[in-house]
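K.L.:
Below is the structure I would like to discuss, written out as structure tokens.
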Amino acid sequence: MKRVQQLTLASLIAGYLVIVLGGVVRVDARFGCGVDWPLCRGALLPTPAGASAATFVDLTHRALAALAALLTLGLLVAAWRARDRLALGLSAGAALLVAIQVVLGALVATRGGGAALLVTHLGLAQLYLAALVVLALWSFAPEIATSAGRPLGHAWSPFGPVATAAAGAISLLVLSGAYTAAKPAVNCGGWPLCDGRALPSGFTPADIQLIHRWIALVAALAVLAAAIQARRLRRDAPVVVAITTAAAALTAAQIMVGAASVWFRLNPALLVAHLAVAIVVLMLLVAAVVLDRLLPLALVARPAPRSWRLIGADYVTLTKPNVMVLLLITTLGAMLIAQGGLPPLRILCWTLIGGALSSGGAAAFNHYLDRDIDVLMKRTSKRPLPGKRIPDIHVPLFALTLTVLSVYLLAVFVNPLAALLSLAGNLFYVLIYTRLLKRSTPQNIVIGGAAGAMPPLVGWAAVTGQVGLPALLLFGVVFYWTPPHFWSLALFTSSDYAAASVPMFPEVYGDEETRRHIFLYTVMLVITSLFFFAIRVMGLFYLASALVLGGLFLYKAFQLTRHPADQKLLARALFFYSVYYLGLLFAAMVIDRVVLG
């Protein structure tokens with residue numbers, strides 16, 4: 001079943017991306033490939049000169065659809081070879097749905113996509129994803145049983161019907177939203193009422209919007225009921241509780257953004273983001289239904305009660321608030337510098353909220369992936385996971401929820417570029433640094449520093465809609481600042497990293513080489529900081545500040561290289577100064593650009 005697992009997950013990701021990109025294409029199909037299919041504007045691949053961004057998106061959508069079809073066929077073959085009847089049945093159903101979707105996709109492209117055709121297309125796509133979610137969980141059944149510490153079952157608990165109803169309500173909500181979007185645009189003045197009306201009186205576009213809002217209310221209540229019932233009836237299965245809680249949080253965000261779209265006339269990215277998050281909620285609820293059946297009810301002792309304050313404090317710890325504050329300072333500084341003053345309050349607030357959610361999500365993923373080594377290090381042994389104060393499975397779902405909310409809010413309330421840059425930083429920190437580099441190379445901090453340097457790019461893009469040279473220099477400052485900051489920490493906490501077998505630079509190359517590299521990177525940091533004056537982005541006040549702050553940084557790094565006997569004391573002083581340095585340098589930029597500029 002190993003091959004079934006791999007192909008199911010790949011098909012699931014490809015199918016999800018096909019739906020999301022399909023939403024992008026439908027925002028305005030006229031600017032994609034037009035009514036040609038399988039050709040695109042009369043050619044298999046339009047020339048770059050004649051291809052717009054919308055054409056590229058449409059072609060990518062079609063390419064991903066073809067990839068999903070091929071993966072599904074491969075999945076069918078793998079299931080047949082595995083001789084698993086359920087896997088074979090589900091993969092055959094998925095393959096049949098793909099075949100039907102190809103025909104419907106061609107009709108949507110060539111006929112312009114009427115409302116009924118679009119809804120049918122999306123409805124079958126939901127069935128396809130649901131089949132893959134079921135197959136994914138079934139293929140991982142042995143691992144699920146081992147993790148749960150109990151044999152798998154084949155019957156639903158009383159929670160099952162509630163979760164099934166919630167999944168059905170969300171599916172209906174997605175379809176009604178697609179139907180609404182396919183109808184002529186209408187200004188349904190106000191929310192939750194529509195031009196003062198609470199109930200539809202016919203089937204006009206305004207009435208359709210009202211019906212969609214009522215379906216949204218029912219769906220939200222159903223998801224909330226599922227989350228509550230999961231805590232009441234399935235506390236023996238923390239994964240079910242975590243999944244339904246995540247679904248409830250995302251559904252609440254959906255309602256909020258839906259209301260804001262009426263109040264503030266948000267950008268067209270809302271339609272795509274709305275659809276993307278709704279499909280995530282649907283997949284979570286389908287997973288909850290399947291897991292409810294796979295994990296039979298088990299009598300468990302009720303855990304000792306903990307106050308909501310203590311529980312909340314543990315979840316805040318998972319987000320690494322100290323790191324978050326530093327990242328938000330660089331984001332805010334970049335925004336103020338890019339604007340040359342205070343940006344629009346809406347952009348400012350949502351960028352910082354989105355950045356905080358992204359940082360918190362990445363930090364929570366880091367807690368989960370490092371839980372095995374955190375217990376070995378004195379500095380981290382009292383975190384929530386080593387302390388067994390939070391079920392392990394709650395953390396990745398908490399992290400996923402924060403990350404999805406971050407991308408969602410940034411895309412809708414700020415702009416898609418800021419959302420993509422934030423997501424890139426999040427994924428780089430989780431997948432490249434934490435998962436790949438941290439335990440494999442002493443250059444982990446150097447390469448991983450790119451993740452911590454992304455917030456200034458996010459802030460700059462939030463204000464300007466692009467990334468310019470000053471933004472890249474801000475990226476460079478944080479990038480070169482990261483090694484001296486973390487290596488000085490490693491020098492006075494080296495026993496921790498050694499106990500956890502993490503190949504930090506001092507453990508591999510020794511303290512002397514680490515001290516030398518701290519000084520070299522500090523030199524690069526100071527030089528980079530002076531480029532702002534050289535390209536005339538900053539003035540004399542910033543130049544003086546950068547010279548004083550950088551000179552003191554260099555002096556402390558030089559002292560560290562000259563007095564190895566006092567290494568712990570000097571490294572500690574350098575570590576804490578580096579925190580102040582970054583904040584003060586950005587403050588000097590803001591003063592020079594906003595107050596004096």
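Note on naming: chains are A, B, ... as they come in the structure tokens, residues start from 1 per chain, ligands start from 1 in the order shown.
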Name all residues at most 6 Å from segment 85-93 of chain A (count only C-alpha atoms; drop same-chain ones fewer than 4 positions away) and give them as a list in words.

P.N.:
Leu76, Ala79 and Trp80 of chain A

K.L.:
How would the residues just picked look written out with N, CA, C and O atoms as a PDB file, in the first residue's frame?

P.N.:
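Saved the output as selection_15.pdb:
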```
ATOM      1  N   LEU A  76      -5.076   3.858  -9.673  1.00  0.00           N
ATOM      2  CA  LEU A  76      -5.932   2.701  -9.968  1.00  0.00           C
ATOM      3  C   LEU A  76      -5.083   1.446 -10.174  1.00  0.00           C
ATOM      4  O   LEU A  76      -5.409   0.373  -9.657  1.00  0.00           O
ATOM      5  N   ALA A  79      -3.628   0.356  -6.771  1.00  0.00           N
ATOM      6  CA  ALA A  79      -4.645  -0.278  -5.929  1.00  0.00           C
ATOM      7  C   ALA A  79      -4.942  -1.697  -6.406  1.00  0.00           C
ATOM      8  O   ALA A  79      -5.153  -2.613  -5.603  1.00  0.00           O
ATOM      9  N   TRP A  80      -4.969  -1.890  -7.747  1.00  0.00           N
ATOM     10  CA  TRP A  80      -5.199  -3.228  -8.290  1.00  0.00           C
ATOM     11  C   TRP A  80      -4.072  -4.173  -7.889  1.00  0.00           C
ATOM     12  O   TRP A  80      -4.301  -5.320  -7.511  1.00  0.00           O
TER      13      TRP A  80
END
```

K.L.:
I want to know what sits within 7 Å of segment 283-289 of chain A, based on only C-alpha atoms, with residues of the same chain fewer than 4 positions away left out; could you give that as a list of chain:residue names?

P.N.:
A:Ala130, A:Val133, A:Val134, A:Gly160, A:Ala163, A:Thr164, A:Ala167, A:Val240, A:Ile243, A:Thr244, A:Ala247, A:Ile279, A:Arg293

K.L.:
Taking C-alpha atoms for each residue, export the selection above as a short mmCIF file (atom, residue, chain, number, x, y, z; two decimals), in the first residue's frame.

P.N.:
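The new file result_15.cif reads:
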```cif
data_model
loop_
_atom_site.label_atom_id
_atom_site.label_comp_id
_atom_site.auth_asym_id
_atom_site.auth_seq_id
_atom_site.Cartn_x
_atom_site.Cartn_y
_atom_site.Cartn_z
CA ALA A 130 -13.75 13.22 -0.84
CA VAL A 133 -9.48 11.70 1.45
CA VAL A 134 -11.20 8.42 2.33
CA GLY A 160 -20.63 10.43 12.87
CA ALA A 163 -19.98 15.39 11.15
CA THR A 164 -21.59 13.97 8.01
CA ALA A 167 -19.71 18.06 5.57
CA VAL A 240 -11.04 14.13 15.57
CA ILE A 243 -9.81 18.43 12.93
CA THR A 244 -13.29 19.68 13.79
CA ALA A 247 -12.81 23.36 10.57
CA ILE A 279 -12.63 23.07 0.13
CA ARG A 293 -15.46 5.15 11.82
#
```

K.L.:
Determine, counting only C-alpha atoms, which protein, DNA and RNA residues have an atom within 12 Å of an atom of Tyr16 of chain A; residues of the same chain fewer than 4 positions away are not included. Present the result as a CSV table (one decimal) with all heavy atoms, in the first residue's frame.

P.N.:
```csv
chain,number,residue,atom,x,y,z
A,9,LEU,N,-1.9,10.8,-2.1
A,9,LEU,CA,-1.6,12.1,-1.6
A,9,LEU,C,-1.2,13.1,-2.8
A,9,LEU,O,-1.6,14.2,-2.8
A,9,LEU,CB,-0.4,12.1,-0.6
A,9,LEU,CG,-0.7,11.4,0.7
A,9,LEU,CD1,0.6,11.3,1.5
A,9,LEU,CD2,-1.8,12.1,1.5
A,10,ALA,N,-0.5,12.6,-3.8
A,10,ALA,CA,-0.1,13.4,-4.9
A,10,ALA,C,-1.4,13.8,-5.7
A,10,ALA,O,-1.6,14.9,-6.1
A,10,ALA,CB,0.8,12.6,-5.8
A,11,SER,N,-2.3,12.8,-5.9
A,11,SER,CA,-3.6,13.1,-6.6
A,11,SER,C,-4.4,14.1,-5.8
A,11,SER,O,-5.1,15.0,-6.4
A,11,SER,CB,-4.4,11.8,-6.8
A,11,SER,OG,-3.7,10.8,-7.5
A,12,LEU,N,-4.4,14.0,-4.5
A,12,LEU,CA,-5.2,14.9,-3.7
A,12,LEU,C,-4.7,16.3,-3.8
A,12,LEU,O,-5.5,17.3,-3.9
A,12,LEU,CB,-5.1,14.4,-2.2
A,12,LEU,CG,-6.1,15.1,-1.2
A,12,LEU,CD1,-7.5,14.9,-1.6
A,12,LEU,CD2,-5.8,14.5,0.2
A,20,VAL,N,-8.7,25.1,-7.2
A,20,VAL,CA,-8.3,26.5,-6.9
A,20,VAL,C,-8.0,27.3,-8.1
A,20,VAL,O,-8.5,28.4,-8.3
A,20,VAL,CB,-7.2,26.5,-5.9
A,20,VAL,CG1,-6.7,28.0,-5.7
A,20,VAL,CG2,-7.6,25.9,-4.5
A,21,LEU,N,-7.2,26.7,-9.0
A,21,LEU,CA,-6.8,27.4,-10.2
A,21,LEU,C,-8.1,27.5,-11.2
A,21,LEU,O,-8.2,28.5,-11.9
A,21,LEU,CB,-5.7,26.7,-11.0
A,21,LEU,CG,-4.3,26.9,-10.4
A,21,LEU,CD1,-3.3,26.1,-11.2
A,21,LEU,CD2,-4.0,28.4,-10.5
A,22,GLY,N,-9.0,26.6,-11.1
A,22,GLY,CA,-10.2,26.7,-11.8
A,22,GLY,C,-11.0,27.9,-11.4
A,22,GLY,O,-11.6,28.6,-12.2
A,23,GLY,N,-10.9,28.2,-10.1
A,23,GLY,CA,-11.6,29.4,-9.5
A,23,GLY,C,-10.9,30.7,-10.1
A,23,GLY,O,-11.6,31.6,-10.4
A,61,HIS,N,-3.8,25.4,-15.2
A,61,HIS,CA,-5.0,24.7,-14.8
A,61,HIS,C,-5.2,23.4,-15.6
A,61,HIS,O,-5.4,22.4,-15.0
A,61,HIS,CB,-6.2,25.6,-14.8
A,61,HIS,CG,-7.5,24.9,-14.6
A,61,HIS,ND1,-8.4,24.8,-15.6
A,61,HIS,CD2,-8.0,24.4,-13.5
A,61,HIS,CE1,-9.5,24.1,-15.1
A,61,HIS,NE2,-9.2,23.9,-13.8
A,64,LEU,N,-2.4,20.9,-14.8
A,64,LEU,CA,-2.6,20.2,-13.5
A,64,LEU,C,-3.7,19.2,-13.6
A,64,LEU,O,-3.7,18.1,-13.0
A,64,LEU,CB,-2.9,21.2,-12.4
A,64,LEU,CG,-1.7,21.9,-11.8
A,64,LEU,CD1,-2.1,23.0,-10.9
A,64,LEU,CD2,-0.9,20.9,-11.0
A,65,ALA,N,-4.8,19.6,-14.4
A,65,ALA,CA,-5.9,18.6,-14.6
A,65,ALA,C,-5.4,17.3,-15.3
A,65,ALA,O,-5.8,16.2,-14.9
A,65,ALA,CB,-7.0,19.3,-15.4
A,67,LEU,N,-2.3,16.2,-15.2
A,67,LEU,CA,-1.5,15.5,-14.2
A,67,LEU,C,-2.3,14.8,-13.2
A,67,LEU,O,-2.0,13.6,-12.8
A,67,LEU,CB,-0.6,16.6,-13.4
A,67,LEU,CG,0.3,16.0,-12.3
A,67,LEU,CD1,1.2,15.0,-12.8
A,67,LEU,CD2,1.0,17.1,-11.6
A,68,ALA,N,-3.4,15.4,-12.7
A,68,ALA,CA,-4.3,14.7,-11.8
A,68,ALA,C,-4.9,13.4,-12.4
A,68,ALA,O,-5.1,12.4,-11.8
A,68,ALA,CB,-5.4,15.6,-11.3
A,122,LEU,N,-18.1,21.5,-10.4
A,122,LEU,CA,-17.5,21.6,-9.0
A,122,LEU,C,-18.0,20.6,-8.1
A,122,LEU,O,-17.3,20.1,-7.2
A,122,LEU,CB,-17.9,23.0,-8.5
A,122,LEU,CG,-17.3,23.4,-7.1
A,122,LEU,CD1,-15.8,23.3,-7.1
A,122,LEU,CD2,-17.7,24.8,-6.7
A,125,ALA,N,-16.0,17.5,-8.6
A,125,ALA,CA,-14.7,17.7,-8.1
A,125,ALA,C,-14.7,17.5,-6.6
A,125,ALA,O,-13.7,16.9,-6.1
A,125,ALA,CB,-14.2,19.1,-8.5
A,126,GLN,N,-15.7,17.9,-5.9
A,126,GLN,CA,-15.8,17.7,-4.5
A,126,GLN,C,-15.9,16.2,-4.2
A,126,GLN,O,-15.2,15.7,-3.2
A,126,GLN,CB,-17.0,18.4,-3.9
A,126,GLN,CG,-16.9,19.9,-3.9
A,126,GLN,CD,-18.1,20.5,-3.2
A,126,GLN,OE1,-18.1,20.7,-2.0
A,126,GLN,NE2,-19.1,20.9,-4.0
A,127,LEU,N,-16.7,15.5,-5.0
A,127,LEU,CA,-16.7,14.0,-4.8
A,127,LEU,C,-15.4,13.3,-5.0
A,127,LEU,O,-15.0,12.4,-4.3
A,127,LEU,CB,-17.8,13.4,-5.8
A,127,LEU,CG,-19.2,13.6,-5.4
A,127,LEU,CD1,-20.1,13.0,-6.5
A,127,LEU,CD2,-19.6,12.9,-4.1
A,128,TYR,N,-14.7,13.8,-6.0
A,128,TYR,CA,-13.3,13.3,-6.3
A,128,TYR,C,-12.4,13.5,-5.1
A,128,TYR,O,-11.7,12.5,-4.7
A,128,TYR,CB,-12.8,14.0,-7.5
A,128,TYR,CG,-11.3,13.7,-7.9
A,128,TYR,CD1,-11.0,12.5,-8.5
A,128,TYR,CD2,-10.3,14.6,-7.6
A,128,TYR,CE1,-9.7,12.2,-8.8
A,128,TYR,CE2,-9.0,14.3,-7.9
A,128,TYR,CZ,-8.7,13.1,-8.5
A,128,TYR,OH,-7.4,12.9,-8.8
A,129,LEU,N,-12.4,14.7,-4.6
A,129,LEU,CA,-11.5,14.9,-3.4
A,129,LEU,C,-12.0,14.1,-2.2
A,129,LEU,O,-11.1,13.6,-1.4
A,129,LEU,CB,-11.5,16.4,-3.1
A,129,LEU,CG,-10.8,17.4,-4.0
A,129,LEU,CD1,-10.8,18.8,-3.4
A,129,LEU,CD2,-9.4,16.9,-4.3
A,130,ALA,N,-13.3,14.0,-2.0
A,130,ALA,CA,-13.8,13.2,-0.8
A,130,ALA,C,-13.3,11.8,-1.0
A,130,ALA,O,-12.9,11.1,0.0
A,130,ALA,CB,-15.3,13.3,-0.8
A,132,LEU,N,-10.7,10.6,-2.5
A,132,LEU,CA,-9.3,10.6,-2.2
A,132,LEU,C,-8.9,10.7,-0.7
A,132,LEU,O,-8.0,10.1,-0.2
A,132,LEU,CB,-8.5,11.7,-3.0
A,132,LEU,CG,-8.5,11.4,-4.5
A,132,LEU,CD1,-7.8,12.6,-5.2
A,132,LEU,CD2,-7.8,10.1,-4.9
A,133,VAL,N,-9.7,11.6,0.0
A,133,VAL,CA,-9.5,11.7,1.4
A,133,VAL,C,-9.8,10.4,2.1
A,133,VAL,O,-9.0,9.9,3.0
A,133,VAL,CB,-10.4,12.8,2.0
A,133,VAL,CG1,-10.4,12.8,3.6
A,133,VAL,CG2,-9.9,14.2,1.5
A,275,LEU,N,-13.2,30.0,-2.0
A,275,LEU,CA,-13.4,28.7,-2.5
A,275,LEU,C,-12.3,27.8,-1.9
A,275,LEU,O,-12.6,26.6,-1.5
A,275,LEU,CB,-13.3,28.7,-4.0
A,275,LEU,CG,-13.3,27.3,-4.7
A,275,LEU,CD1,-14.6,26.5,-4.4
A,275,LEU,CD2,-13.1,27.4,-6.2
A,276,ALA,N,-11.1,28.2,-2.0
A,276,ALA,CA,-9.9,27.4,-1.5
A,276,ALA,C,-10.1,27.0,0.0
A,276,ALA,O,-9.8,25.9,0.3
A,276,ALA,CB,-8.6,28.2,-1.7
A,277,VAL,N,-10.5,28.0,0.8
A,277,VAL,CA,-10.6,27.7,2.2
A,277,VAL,C,-11.9,26.8,2.4
A,277,VAL,O,-11.8,25.8,3.3
A,277,VAL,CB,-10.8,29.0,3.0
A,277,VAL,CG1,-11.0,28.6,4.5
A,277,VAL,CG2,-9.5,29.8,2.9
A,278,ALA,N,-12.9,27.0,1.7
A,278,ALA,CA,-14.1,26.1,1.9
A,278,ALA,C,-13.8,24.7,1.5
A,278,ALA,O,-14.3,23.7,2.2
A,278,ALA,CB,-15.3,26.6,1.0
A,279,ILE,N,-13.0,24.4,0.5
A,279,ILE,CA,-12.6,23.1,0.1
A,279,ILE,C,-11.8,22.4,1.2
A,279,ILE,O,-11.9,21.2,1.5
A,279,ILE,CB,-11.9,23.1,-1.2
A,279,ILE,CG1,-12.8,23.5,-2.3
A,279,ILE,CG2,-11.4,21.7,-1.5
A,279,ILE,CD1,-14.0,22.7,-2.6
A,280,VAL,N,-10.9,23.2,1.9
A,280,VAL,CA,-10.1,22.7,3.0
A,280,VAL,C,-11.0,22.3,4.1
A,280,VAL,O,-10.8,21.2,4.7
A,280,VAL,CB,-9.1,23.8,3.5
A,280,VAL,CG1,-8.5,23.4,4.8
A,280,VAL,CG2,-8.0,24.0,2.4
A,282,LEU,N,-14.1,21.3,3.9
A,282,LEU,CA,-14.8,20.1,3.5
A,282,LEU,C,-13.9,18.9,3.7
A,282,LEU,O,-14.4,17.9,4.2
A,282,LEU,CB,-15.3,20.3,2.0
A,282,LEU,CG,-15.9,19.0,1.4
A,282,LEU,CD1,-17.2,18.7,2.1
A,282,LEU,CD2,-16.2,19.3,-0.1
A,283,MET,N,-12.7,19.0,3.2
A,283,MET,CA,-11.8,17.8,3.4
A,283,MET,C,-11.6,17.5,4.8
A,283,MET,O,-11.5,16.3,5.2
A,283,MET,CB,-10.5,18.1,2.7
A,283,MET,CG,-10.6,18.2,1.1
A,283,MET,SD,-9.0,18.2,0.3
A,283,MET,CE,-8.3,19.8,0.8
```

K.L.:
May I ask for the distance between atom CA of Ala334 of chain A and atom CA of Val463 of chain A, given in Å to one decimal place?

P.N.:
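Separating atom CA of Ala334 of chain A from atom CA of Val463 of chain A is a distance of 8.9 Å.
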
K.L.:
Please compute the atom CA of Leu436 of chain A-atom CA of Leu409 of chain A distance, one decimal, in Å.

P.N.:
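Between atom CA of Leu436 of chain A and atom CA of Leu409 of chain A the gap works out to 28.5 Å.
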
K.L.:
As number ranges by chain, please: the residues near Ala419 of chain A (cut-off 10 Å, only C-alpha atoms, same-chain neighbours under 4 positions excluded).

P.N.:
A: 351, 354-355, 358, 406-415, 423-424, 458, 461-462

K.L.:
Take the selection from the previous step and output its residues with N, CA, C and O atoms, as a short mmCIF file (atom, residue, chain, number, x, y, z; two decimals), in the first residue's frame.

P.N.:
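Wrote result.cif, looks like this:
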```
data_model
loop_
_atom_site.label_atom_id
_atom_site.label_comp_id
_atom_site.auth_asym_id
_atom_site.auth_seq_id
_atom_site.Cartn_x
_atom_site.Cartn_y
_atom_site.Cartn_z
N THR A 351 -2.06 43.29 7.36
CA THR A 351 -0.72 42.76 7.08
C THR A 351 -0.08 42.23 8.37
O THR A 351 0.53 41.15 8.38
N GLY A 354 -2.02 39.08 9.45
CA GLY A 354 -1.62 37.96 8.60
C GLY A 354 -0.20 37.50 8.88
O GLY A 354 0.08 36.30 8.91
N GLY A 355 0.70 38.46 9.10
CA GLY A 355 2.08 38.10 9.42
C GLY A 355 2.18 37.37 10.74
O GLY A 355 2.97 36.41 10.88
N SER A 358 0.96 33.80 10.20
CA SER A 358 1.95 33.02 9.45
C SER A 358 3.13 32.64 10.34
O SER A 358 3.57 31.48 10.34
N SER A 406 -3.73 32.84 7.58
CA SER A 406 -2.78 33.89 7.19
C SER A 406 -2.85 34.16 5.70
O SER A 406 -3.00 35.31 5.26
N VAL A 407 -2.75 33.10 4.89
CA VAL A 407 -2.79 33.26 3.44
C VAL A 407 -4.14 33.84 3.01
O VAL A 407 -4.22 34.72 2.15
N TYR A 408 -5.18 33.34 3.62
CA TYR A 408 -6.55 33.78 3.30
C TYR A 408 -6.72 35.27 3.54
O TYR A 408 -7.14 36.03 2.65
N LEU A 409 -6.37 35.72 4.73
CA LEU A 409 -6.59 37.12 5.09
C LEU A 409 -5.69 38.06 4.30
O LEU A 409 -6.11 39.14 3.87
N LEU A 410 -4.44 37.65 4.08
CA LEU A 410 -3.53 38.50 3.31
C LEU A 410 -3.99 38.61 1.85
O LEU A 410 -3.94 39.70 1.26
N ALA A 411 -4.43 37.49 1.27
CA ALA A 411 -4.87 37.52 -0.13
C ALA A 411 -6.11 38.38 -0.31
O ALA A 411 -6.24 39.12 -1.29
N VAL A 412 -7.02 38.33 0.65
CA VAL A 412 -8.30 39.03 0.52
C VAL A 412 -8.18 40.49 0.91
O VAL A 412 -8.64 41.39 0.21
N PHE A 413 -7.56 40.77 2.06
CA PHE A 413 -7.55 42.13 2.59
C PHE A 413 -6.31 42.95 2.18
O PHE A 413 -6.32 44.17 2.31
N VAL A 414 -5.24 42.28 1.72
CA VAL A 414 -4.02 43.02 1.33
C VAL A 414 -3.83 42.85 -0.18
O VAL A 414 -4.39 43.59 -0.96
N ASN A 415 -3.03 41.87 -0.59
CA ASN A 415 -2.92 41.54 -2.01
C ASN A 415 -2.31 40.15 -2.15
O ASN A 415 -1.63 39.66 -1.24
N LEU A 423 3.49 32.99 2.59
CA LEU A 423 3.42 31.53 2.53
C LEU A 423 4.79 30.94 2.19
O LEU A 423 5.18 29.91 2.76
N ALA A 424 5.52 31.59 1.30
CA ALA A 424 6.85 31.10 0.93
C ALA A 424 7.78 31.08 2.14
O ALA A 424 8.53 30.12 2.36
N VAL A 458 7.29 40.96 2.62
CA VAL A 458 5.83 40.95 2.76
C VAL A 458 5.31 42.36 3.02
O VAL A 458 4.35 42.82 2.40
N ALA A 461 5.68 44.51 -0.15
CA ALA A 461 4.69 44.12 -1.17
C ALA A 461 3.28 44.53 -0.76
O ALA A 461 2.45 44.87 -1.61
N ALA A 462 3.00 44.52 0.55
CA ALA A 462 1.66 44.90 1.02
C ALA A 462 1.35 46.35 0.66
O ALA A 462 0.20 46.69 0.33
#
```

K.L.:
Wanna dump the segment 274-346 of chain A-segment 573-585 of chain A contacts at 12 Å for me, each residue with its shortest atom pair and the distance in Å to one decimal, counting only C-alpha atoms, ordered by chain and number, as CSV?

P.N.:
```
residue,atom,partner,partner_atom,distance
A:Asn322,CA,A:Val579,CA,10.5
A:Val323,CA,A:Val579,CA,10.1
A:Val325,CA,A:Gly583,CA,10.2
A:Leu326,CA,A:Gly583,CA,7.5
A:Leu327,CA,A:Gly583,CA,9.9
A:Leu328,CA,A:Gly583,CA,10.4
A:Ile329,CA,A:Gly583,CA,6.9
A:Thr330,CA,A:Gly583,CA,7.6
A:Thr331,CA,A:Gly583,CA,11.1
A:Leu332,CA,A:Gly583,CA,10.8
A:Gly333,CA,A:Gly583,CA,9.0
A:Ala334,CA,A:Leu585,CA,11.6
```

K.L.:
Name the residues of segment 345-563 of chain A that come out as alpha helix (DSSP H) in a backbone DSSP run; write them as a PyMOL selection string.

P.N.:
chain A and resi 345-369+371-374+394-413+416-427+444-452+454-464+469-492+494-499+505-509+511-534+540-562

K.L.:
Find, counting only C-alpha atoms, the residue in A:Met256, A:Thr245, A:Trp350, A:Phe533 that gets nearest to Leu400 of chain A.

P.N.:
A:Thr245

K.L.:
So that I can see what lies close to Arg562 of chain A, please list as a PyMOL selection string the residues with an atom at most 12 Å from it, counting only C-alpha atoms and leaving out residues fewer than 3 positions away in the same chain.

P.N.:
chain A and resi 512+515-516+519+555-559+565-567+570-571

K.L.:
With a distance cut-off of 12 Å and only C-alpha atoms, select the neighbouring residues of Leu543 of chain A, excluding the residue or stretch itself and same-chain residues fewer than 2 positions from it, and output the selection as a VMD selection string.

P.N.:
chain A and resid 526 to 541 545 to 551 585 588 to 589 591 to 593

K.L.:
Show which residues sit within 8 Å of Lys438 of chain A, as a list in words. Count only C-alpha atoms, and ignore same-chain residues fewer than 4 positions away.

P.N.:
Tyr433, Thr434, Pro442, Asn444, Ile445, Val502, Pro503 and Met504 of chain A

K.L.:
Counting only C-alpha atoms, which of A:Leu489, A:Ile255, A:Ile518, A:Met454 gets nearest to Leu472 of chain A?

P.N.:
A:Met454

K.L.:
A:Leu469, A:Val98, A:Leu348, A:Val395: which is nearest Tyr368 of chain A, counting only C-alpha atoms?

P.N.:
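Ranking A:Leu469, A:Val98, A:Leu348, A:Val395 by distance to Tyr368 of chain A, first place goes to A:Val395.
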
K.L.:
What is the atom CA of Ala587 of chain A to atom CA of Gln466 of chain A distance in Å?

P.N.:
22.5 Å

K.L.:
Which is closest to Val478 of chain A among A:Ala115, A:Leu97, A:Val57, A:Leu457, if we use only C-alpha atoms?

P.N.:
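Of the candidates, the smallest distance to Val478 of chain A is held by A:Leu457.
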